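File shown: run02.tsv (TSV, C-alpha atoms).
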```tsv
chain	number	residue	atom	x	y	z
A	30	MET	CA	0.00	0.00	0.00
A	31	ASP	CA	1.15	3.51	-0.65
A	32	GLY	CA	0.61	4.54	2.95
A	33	VAL	CA	-1.59	7.14	4.52
A	34	ILE	CA	-2.09	10.51	2.89
A	35	THR	CA	-2.25	13.50	5.21
A	36	GLU	CA	-2.21	17.26	5.05
A	37	GLN	CA	1.56	17.02	4.84
A	38	ASN	CA	1.18	15.70	1.32
A	39	TYR	CA	-1.50	18.08	0.19
A	40	PRO	CA	-1.44	21.05	2.53
A	41	VAL	CA	-3.77	23.97	2.91
A	42	GLU	CA	-1.53	26.69	1.53
A	43	GLY	CA	-0.46	29.52	3.78
A	44	ILE	CA	-1.77	32.08	1.35
A	45	TRP	CA	-5.28	30.81	2.13
A	46	VAL	CA	-5.08	32.54	5.52
A	47	LEU	CA	-4.59	35.82	3.72
A	48	LYS	CA	-7.32	34.99	1.28
A	49	SER	CA	-9.79	34.37	4.08
A	50	ILE	CA	-9.66	38.00	5.18
A	51	LEU	CA	-9.30	39.50	1.74
A	52	GLY	CA	-13.05	39.91	1.33
A	53	SER	CA	-13.38	41.73	4.64
A	54	LEU	CA	-10.34	43.83	3.84
A	55	ILE	CA	-11.78	44.97	0.55
A	56	ALA	CA	-15.08	45.73	2.21
A	57	LEU	CA	-13.27	47.80	4.81
A	58	LEU	CA	-11.40	49.68	2.11
A	59	VAL	CA	-14.59	50.41	0.20
A	60	PHE	CA	-16.51	51.56	3.26
A	61	GLY	CA	-13.48	53.40	4.56
A	62	SER	CA	-13.08	55.36	1.38
A	63	PHE	CA	-16.78	56.21	1.37
A	64	TYR	CA	-16.28	57.40	4.89
A	65	LEU	CA	-13.33	59.57	3.95
A	66	ILE	CA	-15.28	61.09	1.09
A	67	ARG	CA	-18.07	61.90	3.53
A	68	LEU	CA	-15.57	63.47	5.90
A	69	ARG	CA	-14.37	65.74	3.14
A	70	PHE	CA	-17.90	67.02	2.79
A	71	GLY	CA	-17.97	67.60	6.50
A	72	ILE	CA	-20.35	64.81	7.39
A	73	ASN	CA	-19.24	62.96	10.47
A	74	ASP	CA	-21.38	60.53	12.35
A	75	ASN	CA	-20.32	58.51	15.31
A	76	ASP	CA	-22.18	55.35	14.40
A	77	THR	CA	-20.20	54.86	11.22
A	78	ASN	CA	-17.04	55.62	13.13
A	79	PHE	CA	-17.85	52.94	15.65
A	80	TYR	CA	-18.72	50.25	13.13
A	81	LEU	CA	-15.65	50.93	11.05
A	82	ILE	CA	-13.40	50.65	14.08
A	83	VAL	CA	-15.04	47.42	15.25
A	84	PHE	CA	-14.73	46.03	11.76
A	85	ALA	CA	-11.08	47.04	11.52
A	86	ILE	CA	-10.30	45.46	14.89
A	87	PHE	CA	-11.96	42.20	13.96
A	88	ILE	CA	-9.95	41.66	10.81
A	89	PRO	CA	-6.63	40.85	12.54
A	90	PHE	CA	-8.54	38.62	14.96
A	91	TYR	CA	-10.08	36.80	12.07
A	92	LEU	CA	-6.65	36.48	10.49
A	93	VAL	CA	-5.34	34.80	13.65
A	94	TYR	CA	-8.46	32.64	13.84
A	95	SER	CA	-7.98	31.48	10.26
A	96	ALA	CA	-4.32	30.74	10.86
A	97	LEU	CA	-5.18	28.70	13.96
A	98	ARG	CA	-7.93	26.86	12.15
A	99	ARG	CA	-5.48	25.98	9.46
A	100	ALA	CA	-2.80	24.89	11.94
A	101	THR	CA	-5.18	22.71	13.95
A	102	PHE	CA	-6.85	21.02	11.02
A	103	HIS	CA	-5.57	17.58	10.16
A	104	TYR	CA	-6.82	14.96	7.80
A	105	SER	CA	-5.58	11.54	6.92
A	106	ILE	CA	-6.78	9.30	4.16
A	107	ASP	CA	-6.21	5.73	5.29
A	108	ALA	CA	-7.42	2.48	3.78
A	109	LYS	CA	-10.97	2.52	5.15
A	110	PHE	CA	-11.71	5.91	6.65
A	111	LEU	CA	-11.23	9.57	6.09
A	112	ASN	CA	-10.03	10.76	9.50
A	113	LEU	CA	-10.39	14.41	10.38
A	114	GLN	CA	-9.37	16.49	13.37
A	115	GLN	CA	-10.05	20.11	14.05
A	116	GLY	CA	-10.62	22.59	16.84
A	117	ILE	CA	-8.75	25.40	18.46
A	118	LEU	CA	-10.29	25.14	21.94
A	119	ASN	CA	-12.78	22.33	21.68
A	120	LYS	CA	-11.34	19.51	19.67
A	121	GLN	CA	-13.34	17.42	17.29
A	122	GLN	CA	-12.55	14.28	15.41
A	123	ARG	CA	-14.54	12.77	12.65
A	124	HIS	CA	-14.18	9.54	10.75
A	125	ILE	CA	-16.02	9.06	7.51
A	126	PRO	CA	-16.13	5.73	5.68
A	127	TYR	CA	-15.56	6.37	2.00
A	128	GLY	CA	-18.68	4.53	0.98
A	129	VAL	CA	-21.05	7.14	2.39
A	130	ILE	CA	-19.58	10.13	0.64
A	131	GLN	CA	-22.38	11.50	-1.46
A	132	ASN	CA	-20.59	13.90	-3.70
A	133	VAL	CA	-17.35	15.69	-4.22
A	134	PHE	CA	-17.03	19.35	-5.13
A	135	VAL	CA	-14.10	21.25	-6.50
A	136	LYS	CA	-14.75	24.98	-6.36
A	137	GLN	CA	-12.82	28.11	-7.08
A	138	ASP	CA	-14.00	31.56	-6.15
A	139	LEU	CA	-12.61	34.81	-7.46
A	140	PHE	CA	-9.74	35.07	-4.98
A	141	ASP	CA	-8.97	31.38	-5.41
A	142	ARG	CA	-8.40	31.99	-9.07
A	143	LEU	CA	-6.22	34.96	-8.28
A	144	PHE	CA	-3.94	32.81	-6.13
A	145	GLY	CA	-4.29	29.58	-8.11
A	146	LEU	CA	-6.13	27.83	-5.29
A	147	ALA	CA	-9.13	25.53	-5.21
A	148	SER	CA	-11.26	24.06	-2.47
A	149	LEU	CA	-12.30	20.45	-2.19
A	150	THR	CA	-15.60	19.77	-0.47
A	151	LEU	CA	-16.99	16.36	0.43
A	152	GLU	CA	-20.50	15.72	1.61
A	153	ASN	CA	-22.20	12.80	3.22
A	154	ALA	CA	-25.87	12.52	4.17
A	155	SER	CA	-25.18	12.86	7.89
A	156	MET	CA	-27.73	14.49	10.18
A	157	GLY	CA	-26.28	13.26	13.44
A	158	ALA	CA	-23.90	14.33	16.13
A	159	GLY	CA	-21.18	15.70	13.91
A	160	SER	CA	-23.49	17.98	12.03
A	161	GLN	CA	-24.52	21.06	13.92
A	162	GLN	CA	-26.24	23.92	12.24
A	163	GLU	CA	-24.39	24.98	9.23
A	164	GLY	CA	-23.42	28.61	9.06
A	165	GLN	CA	-22.12	28.68	12.60
A	166	THR	CA	-18.67	29.05	11.19
A	167	LYS	CA	-19.67	32.29	9.57
A	168	LEU	CA	-17.91	35.14	11.31
A	169	PHE	CA	-16.81	38.03	9.26
A	170	GLY	CA	-16.91	36.07	6.08
A	171	LEU	CA	-18.27	38.50	3.59
A	172	THR	CA	-20.95	37.02	1.40
A	173	LEU	CA	-19.30	37.77	-1.87
A	174	SER	CA	-21.54	36.17	-4.42
A	175	ASN	CA	-25.05	34.77	-4.54
A	176	LYS	CA	-26.47	32.47	-1.88
A	177	LYS	CA	-25.58	29.37	-3.84
A	178	GLN	CA	-21.89	30.00	-3.48
A	179	GLN	CA	-22.30	30.75	0.21
A	180	ARG	CA	-19.77	32.51	2.38
A	181	VAL	CA	-16.02	32.44	2.35
A	182	GLU	CA	-15.16	28.88	3.09
A	183	MET	CA	-13.63	27.92	6.43
A	184	VAL	CA	-11.31	24.98	6.67
A	185	GLY	CA	-12.66	21.88	8.39
A	186	PHE	CA	-16.00	20.14	8.79
A	187	SER	CA	-19.41	21.34	9.81
A	188	GLY	CA	-22.83	19.98	9.05
A	189	ASN	CA	-22.63	17.28	6.44
A	190	LYS	CA	-19.71	18.99	4.80
A	191	VAL	CA	-15.98	18.60	4.92
A	192	SER	CA	-14.12	21.51	3.36
A	193	ILE	CA	-10.48	21.55	2.52
A	194	PRO	CA	-9.97	24.98	0.96
A	195	GLY	CA	-6.72	26.61	-0.06
A	196	LEU	CA	-5.27	23.64	-1.88
A	197	THR	CA	-3.41	24.44	-5.04
A	198	LYS	CA	-5.55	23.70	-8.07
A	199	GLN	CA	-3.33	20.78	-8.97
A	200	ASN	CA	-3.38	19.31	-5.45
A	201	ALA	CA	-7.15	19.65	-5.33
A	202	GLU	CA	-7.49	17.61	-8.51
A	203	VAL	CA	-5.09	14.95	-7.27
A	204	LEU	CA	-6.80	14.73	-3.90
A	205	LYS	CA	-10.18	14.48	-5.60
A	206	GLY	CA	-8.83	11.61	-7.65
A	207	ILE	CA	-7.58	9.84	-4.53
A	208	VAL	CA	-10.90	10.24	-2.71
A	209	LEU	CA	-12.90	9.08	-5.74
A	210	GLN	CA	-10.66	6.07	-6.05
A	211	LYS	CA	-11.21	5.24	-2.36
A	212	MET	CA	-14.95	5.61	-2.83
A	213	LYS	CA	-14.81	3.19	-5.71
A	214	GLU	CA	-12.74	0.67	-3.75
A	215	ASN	CA	-15.00	0.82	-0.69
A	216	PRO	CA	-18.61	0.65	-1.81
A	217	ILE	CA	-21.21	0.18	0.88
A	218	GLU	CA	-23.42	-2.86	0.70
A	219	ASP	CA	-26.83	-1.30	0.87
A	220	SER	CA	-27.37	1.35	-1.73
A	221	GLN	CA	-29.05	4.52	-0.56
A	222	SER	CA	-30.29	5.23	-4.01
A	223	GLY	CA	-34.02	5.56	-4.27
A	224	LEU	CA	-34.13	4.08	-7.73
B	200	MET	CA	-13.80	30.20	-27.70
B	201	ALA	CA	-13.50	26.46	-27.46
B	202	ILE	CA	-16.51	24.57	-26.18
B	203	ALA	CA	-15.81	22.29	-23.22
B	204	MET	CA	-16.56	19.06	-25.01
B	205	SER	CA	-16.92	15.67	-23.47
B	206	LYS	CA	-18.18	12.40	-24.88
B	207	THR	CA	-21.49	12.91	-23.18
B	208	ARG	CA	-21.86	16.43	-24.45
B	209	GLU	CA	-21.12	15.28	-27.98
B	210	GLN	CA	-23.76	12.63	-27.70
B	211	PHE	CA	-26.35	14.72	-25.88
B	212	PRO	CA	-25.53	18.31	-26.77
B	213	LEU	CA	-26.70	21.39	-24.97
B	214	SER	CA	-29.05	23.40	-27.11
B	215	THR	CA	-27.76	26.74	-28.35
B	216	LYS	CA	-31.22	28.06	-27.51
B	217	LYS	CA	-30.14	27.81	-23.89
B	218	VAL	CA	-28.09	30.97	-24.38
B	219	LEU	CA	-31.15	32.83	-25.64
B	220	LYS	CA	-33.36	31.52	-22.90
B	221	LYS	CA	-30.85	32.46	-20.21
B	222	THR	CA	-30.47	35.90	-21.73
B	223	VAL	CA	-34.24	36.37	-21.60
B	224	THR	CA	-34.51	35.22	-17.96
B	225	GLY	CA	-31.47	37.25	-16.98
B	226	THR	CA	-32.64	40.50	-18.50
B	227	LEU	CA	-36.41	40.28	-18.13
B	228	VAL	CA	-36.46	42.03	-14.78
B	229	TRP	CA	-34.20	44.80	-16.06
B	230	VAL	CA	-36.24	45.24	-19.20
B	231	ILE	CA	-39.48	45.57	-17.25
B	232	LEU	CA	-37.93	47.84	-14.65
B	233	LEU	CA	-36.31	50.15	-17.16
B	234	LEU	CA	-39.42	50.30	-19.33
B	235	ILE	CA	-41.49	51.31	-16.31
B	236	ILE	CA	-38.94	53.99	-15.42
B	237	TYR	CA	-38.95	55.09	-19.02
B	238	GLY	CA	-42.73	55.27	-19.12
B	239	VAL	CA	-42.99	57.25	-15.93
B	240	SER	CA	-40.21	59.64	-16.82
B	241	ALA	CA	-41.63	60.08	-20.32
B	242	ILE	CA	-44.98	61.21	-18.92
B	243	PHE	CA	-43.21	63.43	-16.46
B	244	LEU	CA	-40.82	65.01	-18.93
B	245	ILE	CA	-43.40	65.60	-21.62
B	246	SER	CA	-45.78	67.26	-19.22
B	247	LEU	CA	-43.00	69.45	-17.85
B	248	ALA	CA	-41.29	70.09	-21.17
B	249	GLU	CA	-42.33	73.73	-21.28
B	250	ALA	CA	-40.99	74.47	-17.83
B	251	ILE	CA	-37.64	72.66	-17.84
B	252	GLY	CA	-36.87	72.23	-21.51
B	253	ASN	CA	-36.93	69.15	-23.63
B	254	TYR	CA	-34.93	66.27	-22.13
B	255	PHE	CA	-37.08	63.54	-23.61
B	256	GLY	CA	-34.62	62.63	-26.33
B	257	ILE	CA	-31.66	62.29	-23.97
B	258	VAL	CA	-33.65	60.17	-21.54
B	259	THR	CA	-34.89	57.91	-24.34
B	260	PHE	CA	-31.39	57.48	-25.61
B	261	GLY	CA	-29.95	56.85	-22.14
B	262	ILE	CA	-32.48	54.28	-21.04
B	263	LEU	CA	-32.67	52.38	-24.30
B	264	GLY	CA	-28.87	52.43	-24.51
B	265	THR	CA	-28.52	51.01	-21.01
B	266	LEU	CA	-31.08	48.36	-21.86
B	267	PHE	CA	-29.20	47.41	-25.00
B	268	LEU	CA	-25.92	47.23	-23.10
B	269	ILE	CA	-27.41	44.99	-20.40
B	270	VAL	CA	-28.86	42.63	-22.97
B	271	VAL	CA	-25.62	42.40	-24.95
B	272	LEU	CA	-23.47	41.85	-21.86
B	273	THR	CA	-25.84	39.21	-20.52
B	274	TYR	CA	-25.85	37.48	-23.88
B	275	LEU	CA	-22.05	37.40	-24.02
B	276	TYR	CA	-21.81	36.11	-20.47
B	277	GLN	CA	-24.37	33.39	-21.18
B	278	LEU	CA	-22.49	32.41	-24.31
B	279	TRP	CA	-19.34	32.07	-22.24
B	280	TYR	CA	-21.24	30.08	-19.62
B	281	TYR	CA	-22.60	27.83	-22.36
B	282	ASN	CA	-19.13	27.27	-23.75
B	283	VAL	CA	-17.53	26.20	-20.49
B	284	TYR	CA	-20.50	24.10	-19.35
B	285	PHE	CA	-19.06	20.65	-18.87
B	286	TYR	CA	-20.82	17.40	-18.11
B	287	ASP	CA	-19.61	13.89	-18.50
B	288	LEU	CA	-21.03	10.52	-17.55
B	289	THR	CA	-17.89	8.53	-16.89
B	290	ASP	CA	-17.84	4.86	-15.98
B	291	ASP	CA	-18.04	5.46	-12.26
B	292	TYR	CA	-19.11	9.04	-11.72
B	293	ILE	CA	-21.16	11.87	-13.04
B	294	VAL	CA	-19.10	15.02	-13.37
B	295	ILE	CA	-20.75	18.41	-13.88
B	296	LYS	CA	-18.75	21.59	-14.03
B	297	LYS	CA	-20.05	25.07	-14.64
B	298	GLY	CA	-19.27	28.70	-14.04
B	299	PRO	CA	-16.82	30.60	-16.23
B	300	ILE	CA	-15.52	32.97	-13.57
B	301	THR	CA	-15.87	30.90	-10.41
B	302	PRO	CA	-15.77	27.28	-11.54
B	303	HIS	CA	-17.73	24.78	-9.53
B	304	GLU	CA	-17.40	21.08	-10.15
B	305	ILE	CA	-19.47	18.28	-8.65
B	306	THR	CA	-18.70	14.58	-8.87
B	307	ILE	CA	-21.36	12.05	-7.86
B	308	PRO	CA	-21.07	8.29	-7.92
B	309	TYR	CA	-24.03	6.62	-9.66
B	310	GLU	CA	-24.99	4.66	-6.55
B	311	ARG	CA	-25.67	7.87	-4.69
B	312	ILE	CA	-28.20	9.28	-7.12
B	313	GLN	CA	-31.51	9.70	-5.34
B	314	ASP	CA	-33.64	10.63	-8.28
B	315	VAL	CA	-33.55	11.62	-11.89
B	316	TYR	CA	-35.97	14.41	-12.58
B	317	VAL	CA	-36.77	16.17	-15.83
B	318	ASP	CA	-38.62	19.46	-15.89
B	319	GLN	CA	-39.44	22.49	-17.97
B	320	ASP	CA	-40.34	25.95	-16.82
B	321	ILE	CA	-42.50	28.21	-18.94
B	322	LEU	CA	-39.61	29.65	-20.96
B	323	ASP	CA	-38.26	26.16	-21.47
B	324	ARG	CA	-41.59	25.24	-23.04
B	325	ILE	CA	-41.42	28.23	-25.35
B	326	PHE	CA	-37.89	27.36	-26.43
B	327	GLY	CA	-38.44	23.59	-26.35
B	328	LEU	CA	-35.80	22.92	-23.70
B	329	TYR	CA	-35.57	20.46	-20.82
B	330	ASP	CA	-33.65	20.41	-17.54
B	331	VAL	CA	-32.34	17.07	-16.33
B	332	HIS	CA	-31.83	17.07	-12.57
B	333	LEU	CA	-30.08	14.37	-10.62
B	334	SER	CA	-29.21	14.73	-7.02
B	335	SER	CA	-27.65	12.85	-4.18
B	336	ALA	CA	-28.93	13.07	-0.61
B	337	THR	CA	-27.39	16.48	0.05
B	338	ILE	CA	-28.95	19.88	-0.41
B	339	SER	CA	-26.07	21.37	-2.33
B	340	SER	CA	-26.06	18.58	-4.87
B	341	GLY	CA	-29.65	19.49	-5.71
B	342	MET	CA	-28.46	22.96	-6.63
B	343	ALA	CA	-25.33	21.93	-8.44
B	344	ALA	CA	-26.21	18.69	-10.17
B	345	HIS	CA	-28.39	19.46	-13.11
B	346	ILE	CA	-27.91	19.67	-16.82
B	347	ASP	CA	-30.22	22.35	-18.11
B	348	GLY	CA	-31.00	23.45	-21.60
B	349	VAL	CA	-31.06	20.24	-23.61
B	350	GLU	CA	-33.60	19.42	-26.29
B	351	LYS	CA	-36.01	16.54	-26.09
B	352	PRO	CA	-33.94	13.79	-27.71
B	353	ALA	CA	-30.94	14.67	-25.57
B	354	ALA	CA	-33.05	14.85	-22.40
B	355	ASP	CA	-34.62	11.49	-23.11
B	356	GLY	CA	-31.25	10.03	-24.00
B	357	LEU	CA	-29.59	11.34	-20.87
B	358	ARG	CA	-32.40	10.04	-18.72
B	359	ALA	CA	-32.27	6.62	-20.34
B	360	VAL	CA	-28.51	6.35	-19.97
B	361	LEU	CA	-28.61	7.53	-16.36
B	362	LEU	CA	-31.40	5.18	-15.34
B	363	GLU	CA	-29.75	2.26	-17.06
B	364	THR	CA	-26.35	2.87	-15.48
B	365	ILE	CA	-27.83	3.45	-12.04
B	366	SER	CA	-29.93	0.31	-12.04
B	367	LYS	CA	-27.06	-1.74	-13.40
B	368	ARG	CA	-24.73	-0.53	-10.68
B	369	ILE	CA	-27.24	-0.96	-7.90
B	370	SER	CA	-28.06	-4.49	-8.90
B	371	ARG	CA	-24.37	-5.28	-9.25
B	372	ASN	CA	-23.81	-4.12	-5.71
B	373	ARG	CA	-26.75	-6.12	-4.47
B	374	GLY	CA	-25.45	-9.16	-6.25
B	375	GLN	CA	-22.14	-8.83	-4.45
B	376	SER	CA	-23.75	-8.36	-1.08
B	377	ILE	CA	-26.00	-11.42	-1.14
B	378	PRO	CA	-23.33	-14.12	-0.64
B	379	GLN	CA	-21.75	-12.08	2.14
B	380	ASN	CA	-25.06	-11.72	3.91
B	381	ASN	CA	-25.51	-15.49	3.84
B	382	THR	CA	-22.20	-16.19	5.54
B	383	THR	CA	-22.27	-13.39	8.10
B	384	PRO	CA	-25.42	-12.31	9.91
B	385	SER	CA	-26.36	-8.74	9.19
B	386	ALA	CA	-25.30	-6.11	11.64
B	387	GLN	CA	-28.84	-5.28	12.62
```
What does this structure look like when you write it as structure tokens?
Amino acid sequence: MDGVITEQNYPVEGIWVLKSILGSLIALLVFGSFYLIRLRFGINDNDTNFYLIVFAIFIPFYLVYSALRRATFHYSIDAKFLNLQQGILNKQQRHIPYGVIQNVFVKQDLFDRLFGLASLTLENASMGAGSQQEGQTKLFGLTLSNKKQQRVEMVGFSGNKVSIPGLTKQNAEVLKGIVLQKMKENPIEDSQSGL
Amino acid sequence: MAIAMSKTREQFPLSTKKVLKKTVTGTLVWVILLLIIYGVSAIFLISLAEAIGNYFGIVTFGILGTLFLIVVLTYLYQLWYYNVYFYDLTDDYIVIKKGPITPHEITIPYERIQDVYVDQDILDRIFGLYDVHLSSATISSGMAAHIDGVEKPAADGLRAVLLETISKRISRNRGQSIPQNNTTPSAQ
């Protein structure tokens, strides 16, 4: 066997941490410049001041949060299970048999394309313990596009989803191939198909 | 621009009418909105023409020009979208990839397909198009996994191929599981 594949082989690139705040940063720049224009016309209101400052303070926090999320996320692809670990304060582990993976996404958003990244997302049909409400991971992720594309993707698993963003495009394709191969090798006995 | 061809797309092509249909759906709201604005401002400007001077021509030009620009841009985008639209029924998986600017690719194994579903909305009926949906048990696959804008023969063909492959694979899996179930009692 060719051994176990982990995040050491196909890492979440460091640039992803930067990418995760890029949306917020651009938003801050846009609002900030609006604000400056307003100041030039002598309009000053404290509410805007306050929100801008809060927003500006949160960005470095979010940067640190992203970096920690990235550092504490581990996956390993062994013969039978996809093993995942995550959590900065409260640790979580998840083990997914390949047979139950429902579908595999490879997505690139605008910033991903800029940096040559791609995100790999796996989904199973889980509704149980591991799957809390989705969207809890949303912090200052700016909703950049329509609702289908959702928010800026956080690394790790939540709901019925496992996201590994920030892979290079090439790594994402290779990893997808590996996972698909594992799914093919490990079919489950009872088909969930309704047909 | 090169069309993202696959064996499946060669066999069951997307209709070029899809571009038109998408342009219509994409611009309909704008057309209606701008025409209403145009109507209102026309009444307004004509009735006030003596007081403020004649701006009717400029407004007509501006609004119709904007409308034209929106339609042309939407059409070009939809053409691009049509060109990069990729779907392939491989031996083991269904792969669908769309989105020219932010690409989005879904891969589903045949065993996980929950239903195959063909529908037409009202514009589809006008243009004679069909949407073939296939989804796994997840919500996002329902949104991502469909092939829309094929004509009737292609829709029927796709459905037939999908149903055949799915049933073949399911029964193959069942066939494998029966001898195992006889030797070992089931986990229930």
Please, which residues in chain B fall within 10 Å of chain A when counting all atoms listed in the file, and what is the closest atom pair and distance in Å to one decimal for each, ordered by chain then residue number, as CSV?
```
residue,atom,partner,partner_atom,distance
B:Asp291,CA,A:Lys213,CA,7.6
B:Tyr292,CA,A:Leu209,CA,8.6
B:Ile293,CA,A:Asn132,CA,9.6
B:Val294,CA,A:Val133,CA,9.3
B:Ile295,CA,A:Phe134,CA,9.6
B:Lys296,CA,A:Val135,CA,8.9
B:Lys297,CA,A:Lys136,CA,9.8
B:Gly298,CA,A:Gln137,CA,9.5
B:Ile300,CA,A:Leu139,CA,7.0
B:Thr301,CA,A:Asp138,CA,4.7
B:Pro302,CA,A:Gln137,CA,5.4
B:His303,CA,A:Lys136,CA,4.4
B:Glu304,CA,A:Val135,CA,4.9
B:Ile305,CA,A:Phe134,CA,4.4
B:Thr306,CA,A:Val133,CA,5.0
B:Ile307,CA,A:Asn132,CA,4.6
B:Pro308,CA,A:Asn132,CA,7.0
B:Tyr309,CA,A:Ser222,CA,8.5
B:Glu310,CA,A:Ser222,CA,5.9
B:Arg311,CA,A:Ser222,CA,5.4
B:Ile312,CA,A:Ser222,CA,5.5
B:Gln313,CA,A:Ser222,CA,4.8
B:Asp314,CA,A:Gly223,CA,6.5
B:Val315,CA,A:Leu224,CA,8.6
B:Ser334,CA,A:Asn132,CA,9.3
B:Ser335,CA,A:Gln131,CA,6.1
B:Ala336,CA,A:Ala154,CA,5.7
B:Thr337,CA,A:Ala154,CA,5.9
B:Ile338,CA,A:Ala154,CA,9.2
B:Ser339,CA,A:Lys177,CA,8.2
B:Ser340,CA,A:Asn132,CA,7.3
B:Met342,CA,A:Lys177,CA,7.6
B:Ala343,CA,A:Lys177,CA,8.8
B:Ala344,CA,A:Asn132,CA,9.8
B:Leu362,CA,A:Leu224,CA,8.2
B:Ile365,CA,A:Leu224,CA,7.7
B:Ser366,CA,A:Leu224,CA,7.1
B:Arg368,CA,A:Ser220,CA,9.5
B:Ile369,CA,A:Ser220,CA,6.6
B:Ser370,CA,A:Ser220,CA,9.3
B:Asn372,CA,A:Glu218,CA,6.5
B:Arg373,CA,A:Glu218,CA,7.0
B:Gly374,CA,A:Glu218,CA,9.6
B:Gln375,CA,A:Glu218,CA,8.0
B:Ser376,CA,A:Glu218,CA,5.8
B:Ile377,CA,A:Glu218,CA,9.1
B:Gln379,CA,A:Glu218,CA,9.5
B:Asn380,CA,A:Glu218,CA,9.6
```
message = Set the distance at 10 Å and use all atoms listed in the file: which residues neighbour A:Trp45 once local chain neighbours fewer than 4 positions away are removed? I'd like the list as a count of residues only.
response = 18
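Once B:Pro352 and its same-chain neighbours fewer than 2 positions away are set aside, Gln210, Phe211, Pro212, Leu213, Ser214, Gly327, Leu328, Tyr329, Val331, Gly348, Val349, Glu350, Ala354, Asp355, Gly356, Leu357, Arg358 and Ala359 of chain B remain within 12 Å of it when counting all atoms listed in the file.
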File dump, residues just selected, C-alpha atoms, as a compact mmCIF listing (two decimals), in the coordinates of the input:
```
# COMPACT_ATOMS: atom_id res chain seq x y z
CA GLN B 210 -23.76 12.63 -27.70
CA PHE B 211 -26.35 14.72 -25.88
CA PRO B 212 -25.53 18.31 -26.77
CA LEU B 213 -26.70 21.39 -24.97
CA SER B 214 -29.05 23.40 -27.11
CA GLY B 327 -38.44 23.59 -26.35
CA LEU B 328 -35.80 22.92 -23.70
CA TYR B 329 -35.57 20.46 -20.82
CA VAL B 331 -32.34 17.07 -16.33
CA GLY B 348 -31.00 23.45 -21.60
CA VAL B 349 -31.06 20.24 -23.61
CA GLU B 350 -33.60 19.42 -26.29
CA ALA B 354 -33.05 14.85 -22.40
CA ASP B 355 -34.62 11.49 -23.11
CA GLY B 356 -31.25 10.03 -24.00
CA LEU B 357 -29.59 11.34 -20.87
CA ARG B 358 -32.40 10.04 -18.72
CA ALA B 359 -32.27 6.62 -20.34
```
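Residues with any atom within 8 Å of A:Ile117, counting only C-alpha atoms and excluding same-chain neighbours fewer than 2 positions away, are Leu97, Arg98, Thr101, Gln115, Asn119 and Lys120 of chain A.
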Selection file, C-alpha atoms, as a tab-separated table (two decimals), keeping the file's coordinate frame:
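Contents of again.tsv, freshly written:
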```tsv
chain	number	residue	atom	x	y	z
A	97	LEU	CA	-5.18	28.70	13.96
A	98	ARG	CA	-7.93	26.86	12.15
A	101	THR	CA	-5.18	22.71	13.95
A	115	GLN	CA	-10.05	20.11	14.05
A	119	ASN	CA	-12.78	22.33	21.68
A	120	LYS	CA	-11.34	19.51	19.67
```
ask   = For the atom pair atom CA of B:Ala203 and atom CA of B:Tyr281, what is the interatomic distance in Å to one decimal place?
value = 8.8 Å
Draw an axis-aligned box tight on the listed atoms of stretch 326-331 of chain B, then pad every side by 5 Å and write out centre and edge lengths in Å to one decimal as lines of an AutoDock Vina configuration file.
```
center_x = -35.4
center_y = 22.2
center_z = -21.4
size_x = 16.1
size_y = 20.3
size_z = 20.1
```
ask   = Residues around (-35.0, 47.5, -22.4), cut-off 10 Å, counting only C-alpha atoms - what are they as a PyMOL selection string?
value = chain B and resi 226-235+237+262-270
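Distance check against A:Val33 using only C-alpha atoms: of A:Phe186, A:Tyr104, A:Tyr91, A:Tyr127, the minimum falls on A:Tyr104.
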Mind listing whatever residues come within 9 Å of the point (-16.4, 16.2, 8.1)? Use all atoms listed in the file, file coordinates, and give them as a tab-separated table (two decimals) with C-alpha atoms, in the frame of the given file.
```tsv
chain	number	residue	atom	x	y	z
A	111	LEU	CA	-11.23	9.57	6.09
A	112	ASN	CA	-10.03	10.76	9.50
A	113	LEU	CA	-10.39	14.41	10.38
A	114	GLN	CA	-9.37	16.49	13.37
A	122	GLN	CA	-12.55	14.28	15.41
A	123	ARG	CA	-14.54	12.77	12.65
A	124	HIS	CA	-14.18	9.54	10.75
A	125	ILE	CA	-16.02	9.06	7.51
A	151	LEU	CA	-16.99	16.36	0.43
A	152	GLU	CA	-20.50	15.72	1.61
A	153	ASN	CA	-22.20	12.80	3.22
A	159	GLY	CA	-21.18	15.70	13.91
A	160	SER	CA	-23.49	17.98	12.03
A	185	GLY	CA	-12.66	21.88	8.39
A	186	PHE	CA	-16.00	20.14	8.79
A	187	SER	CA	-19.41	21.34	9.81
A	188	GLY	CA	-22.83	19.98	9.05
A	189	ASN	CA	-22.63	17.28	6.44
A	190	LYS	CA	-19.71	18.99	4.80
A	191	VAL	CA	-15.98	18.60	4.92
A	192	SER	CA	-14.12	21.51	3.36
```
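What separates atom CA of A:Ile106 from atom CA of A:Glu214 is a distance of 13.1 Å.
A straight line drawn from atom CA of A:Lys109 to atom CA of A:Gln121 is 19.4 Å long.
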request  = Show which residues sit within 12 Å of B:Phe243, as a VMD selection string. Count only C-alpha atoms, and ignore same-chain residues fewer than 5 positions away.
outcome  = chain B and resid 236 to 238 248 to 255 258
message = Can you tell me which residues surround B:Tyr276 at a distance of at most 10 Å, considering only C-alpha atoms, apart from same-chain residues fewer than 4 positions away, and format the answer as JSON, numbers by chain?
response = {"B": [218, 221, 222, 270, 271, 272, 280, 281, 282, 299, 300]}
